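Structure record follows, encoded as structure tokens.
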Amino acid sequence: MKKIFSYTDGLTKKTTHYCPGCTHGVIHRMVGEVIEELGLRETTVGVAPVGCSVLAYEYFNCDMFEASHGRAPAVATGAKRCRPNLTVFTYQGDGDLASIGMAEIVHAANRGEKFTTIFVNNAIYGMTGGQMAPTTMPNQRATTCPMGRDVEQVGHPIKVAELLSSLTTPAYVARVSSHTPEETVKAKAAIKQAFQYQKEGRCYTFVEVLSICPTNWGLSPRESNIWLEKEMMPYYPLGVLKRPEDFEGETDGGN
């Protein structure tokens, strides 16, 4: 019988620690498959900071660095500049990247560092207790805003993909989702494109993946998928926001 599906060598066989319904495992799978399919596993280095991704080094079957909270882009910059032949990626959540590490990611993208960022946006601080994150939706409840996010008090959710795509430096910036089989097919294609651009030495690449957090949202996995489509996707529209081809013929401000 022909085998049409198997476990990817891009991941270890470690049992996951993620909560039931969490889509981190789905995103791990996509990244692992892409690394394997592009023949990059033996030369790939991942960077996992603090947050739900803190144990990612147990799941990706490649060399991994552990970074301080929010500082994964700095570690990735050092690794890629010292060893340009490596494929380097950061795997970061919204609390880590969009709050504590906002300056790090903006300046790395603005410099045109040639690594890839996988940004998991589940609109909340997952591991540390369900606090409001920079990406938490208006009126969404969290442990630090039990009555819901008040945009008059704390501002609107930050659209990180749009923010980075506004920079002059050439880059690949896309937003995808992981909540349905159809969307994961599209998400994997975007992740593969990001790693391909890095393989070619083209530009900084960034893929934001909308994800669910049933535990901290207080919803079932099915309810969480519906909530993501109804509440998150209209505010965080899916698609490619920036391509390096848009800058062909111009001077690349990156490294």
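Each chain in the structure tokens gets a letter, A, B and so on, in the order shown; residues start at 1 in every chain, and ligands are counted from 1 in the order they appear.
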
Show me, as a Markdown table, the residues of region 40-115 of chain A having an atom within 12 Å of region 153-159 of chain A, each with the closest atom pair and its distance in Å, using only C-alpha atoms.
```
| residue | atom | partner | partner_atom | distance |
| --- | --- | --- | --- | --- |
| A:Asp94 | CA | A:Ile158 | CA | 9.8 |
| A:Gly95 | CA | A:Ile158 | CA | 11.1 |
| A:Leu97 | CA | A:Ile158 | CA | 11.2 |
| A:Ala98 | CA | A:Ile158 | CA | 7.6 |
| A:Ser99 | CA | A:Ile158 | CA | 9.5 |
| A:Met102 | CA | A:Ile158 | CA | 10.4 |
```

Q: Report as a ChimeraX atom specification: the residues of region 76-111 of chain A with a DSSP assignment of strand (DSSP E or B), based on the backbone of this structure.
A: /A:87-93

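For the atom pair formed by CA of Thr135 (chain A) and CA of Asp246 (chain A), the distance is 27.6 Å, given to one decimal.
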
**Q.** alpha helix (DSSP H) residues, from DSSP on the backbone, in region 9-198 of chain A, as a PyMOL selection string
**A.** chain A and resi 24-37+72-82+94-95+102-111+151-154+160-165+181-198

Taking only C-alpha atoms into account, produce a table as JSON lines in which each residue of region 90-160 of chain A with an atom at most 12 Å from an atom of region 178-195 of chain A appears once, together with its shortest atom pair and the distance in Å to one decimal, ordered by chain and rising number.
```
{"residue": "A:Thr90", "atom": "CA", "partner": "A:Phe195", "partner_atom": "CA", "distance": 11.7}
{"residue": "A:Tyr91", "atom": "CA", "partner": "A:Ile191", "partner_atom": "CA", "distance": 11.9}
{"residue": "A:Lys114", "atom": "CA", "partner": "A:Phe195", "partner_atom": "CA", "distance": 10.0}
{"residue": "A:Phe115", "atom": "CA", "partner": "A:Phe195", "partner_atom": "CA", "distance": 8.4}
{"residue": "A:Thr116", "atom": "CA", "partner": "A:Ala194", "partner_atom": "CA", "distance": 6.7}
{"residue": "A:Thr117", "atom": "CA", "partner": "A:Ala194", "partner_atom": "CA", "distance": 8.7}
{"residue": "A:Ile118", "atom": "CA", "partner": "A:Ile191", "partner_atom": "CA", "distance": 8.0}
{"residue": "A:Phe119", "atom": "CA", "partner": "A:Ile191", "partner_atom": "CA", "distance": 10.8}
{"residue": "A:Val120", "atom": "CA", "partner": "A:Ser178", "partner_atom": "CA", "distance": 9.5}
{"residue": "A:Asn121", "atom": "CA", "partner": "A:Ser178", "partner_atom": "CA", "distance": 10.3}
{"residue": "A:Asn122", "atom": "CA", "partner": "A:Ser178", "partner_atom": "CA", "distance": 10.4}
```

Okay, now the selection with N, CA and C atoms, as a compact mmCIF listing (two decimals), in the first residue's frame?
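Result file follows (part_36.txt):
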```
# COMPACT_ATOMS: atom_id res chain seq x y z
N THR A 90 12.73 32.38 14.14
CA THR A 90 12.22 32.58 15.49
C THR A 90 10.77 32.12 15.52
N TYR A 91 10.37 31.57 16.66
CA TYR A 91 8.99 31.11 16.84
C TYR A 91 8.46 31.84 18.07
N LYS A 114 18.18 38.58 7.48
CA LYS A 114 17.75 37.50 6.59
C LYS A 114 17.31 36.24 7.34
N PHE A 115 16.47 36.39 8.35
CA PHE A 115 15.90 35.23 9.01
C PHE A 115 14.38 35.25 8.91
N THR A 116 13.74 34.22 9.39
CA THR A 116 12.29 34.07 9.29
C THR A 116 11.66 34.11 10.67
N THR A 117 10.55 34.80 10.79
CA THR A 117 9.79 34.84 12.04
C THR A 117 8.43 34.18 11.85
N ILE A 118 8.12 33.22 12.69
CA ILE A 118 6.77 32.63 12.76
C ILE A 118 6.11 33.25 13.99
N PHE A 119 5.10 34.07 13.77
CA PHE A 119 4.45 34.85 14.82
C PHE A 119 3.07 34.26 15.09
N VAL A 120 2.89 33.65 16.26
CA VAL A 120 1.62 33.02 16.61
C VAL A 120 0.76 34.01 17.39
N ASN A 121 -0.35 34.41 16.79
CA ASN A 121 -1.24 35.41 17.38
C ASN A 121 -2.52 34.73 17.86
N ASN A 122 -2.61 34.51 19.18
CA ASN A 122 -3.85 33.98 19.75
C ASN A 122 -4.55 35.00 20.65
```

Q. Do you know which residues are at most 10 Å from Thr12 (chain A) counting only C-alpha atoms, after dropping those on the same chain fewer than 2 positions away, and could you put them as number ranges by chain?
A. A: 7-10, 14-15, 32, 57-62

Q) Got a sec: who's within 12 Å of Gln131 (chain A), counting only C-alpha atoms, leaving out chain neighbours fewer than 6 positions off, as a list of chain:residue names? A) A:Asp94, A:Gly95, A:Ser99, A:Asn122, A:Ala123, A:Ile124, A:Tyr125, A:Gln140, A:Arg141, A:Ala142, A:Thr143, A:Thr144, A:Cys145, A:Pro146, A:Gly148, A:Arg149, A:Asn216, A:Trp217

Q) Near His24 (chain A), counting only C-alpha atoms, which residues have an atom at most 12 Å away, once you skip same-chain residues fewer than 4 positions from it, shown as a ChimeraX atom specification? A) /A:16-20,28-31,51-56,59,91-93,118-122,126,177-179,184,209-214

Go ahead and save the picked residues with C-alpha atoms, as a compact mmCIF listing (two decimals), in the first residue's frame.
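What landed in again-v2.txt:
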```
# COMPACT_ATOMS: atom_id res chain seq x y z
CA THR A 16 3.15 17.72 23.33
CA HIS A 17 2.60 19.80 26.47
CA TYR A 18 0.14 22.18 24.84
CA CYS A 19 -3.43 22.49 26.11
CA PRO A 20 -6.23 20.53 24.39
CA HIS A 28 4.85 23.18 14.62
CA ARG A 29 3.88 20.50 12.12
CA MET A 30 3.74 22.98 9.23
CA VAL A 31 7.14 24.46 10.07
CA GLY A 51 5.89 31.99 26.49
CA CYS A 52 3.93 29.02 25.16
CA SER A 53 6.78 28.43 22.73
CA VAL A 54 9.35 28.12 25.53
CA LEU A 55 9.59 24.34 25.06
CA ALA A 56 9.70 24.42 21.26
CA TYR A 59 9.68 19.48 19.35
CA TYR A 91 8.99 31.11 16.84
CA GLN A 92 7.19 33.75 18.92
CA GLY A 93 3.82 34.45 20.51
CA ILE A 118 6.77 32.63 12.76
CA PHE A 119 4.45 34.85 14.82
CA VAL A 120 1.62 33.02 16.61
CA ASN A 121 -1.24 35.41 17.38
CA ASN A 122 -3.85 33.98 19.75
CA GLY A 126 -1.24 32.05 27.02
CA SER A 177 -4.63 31.06 10.03
CA SER A 178 -4.39 27.59 11.55
CA HIS A 179 -7.98 26.93 12.59
CA THR A 184 -3.63 25.34 7.18
CA VAL A 209 -0.49 32.80 12.14
CA LEU A 210 -3.87 33.36 13.79
CA SER A 211 -4.30 30.70 16.47
CA ILE A 212 -6.83 29.70 19.11
CA CYS A 213 -6.38 29.45 22.89
CA PRO A 214 -9.43 27.55 24.24
```
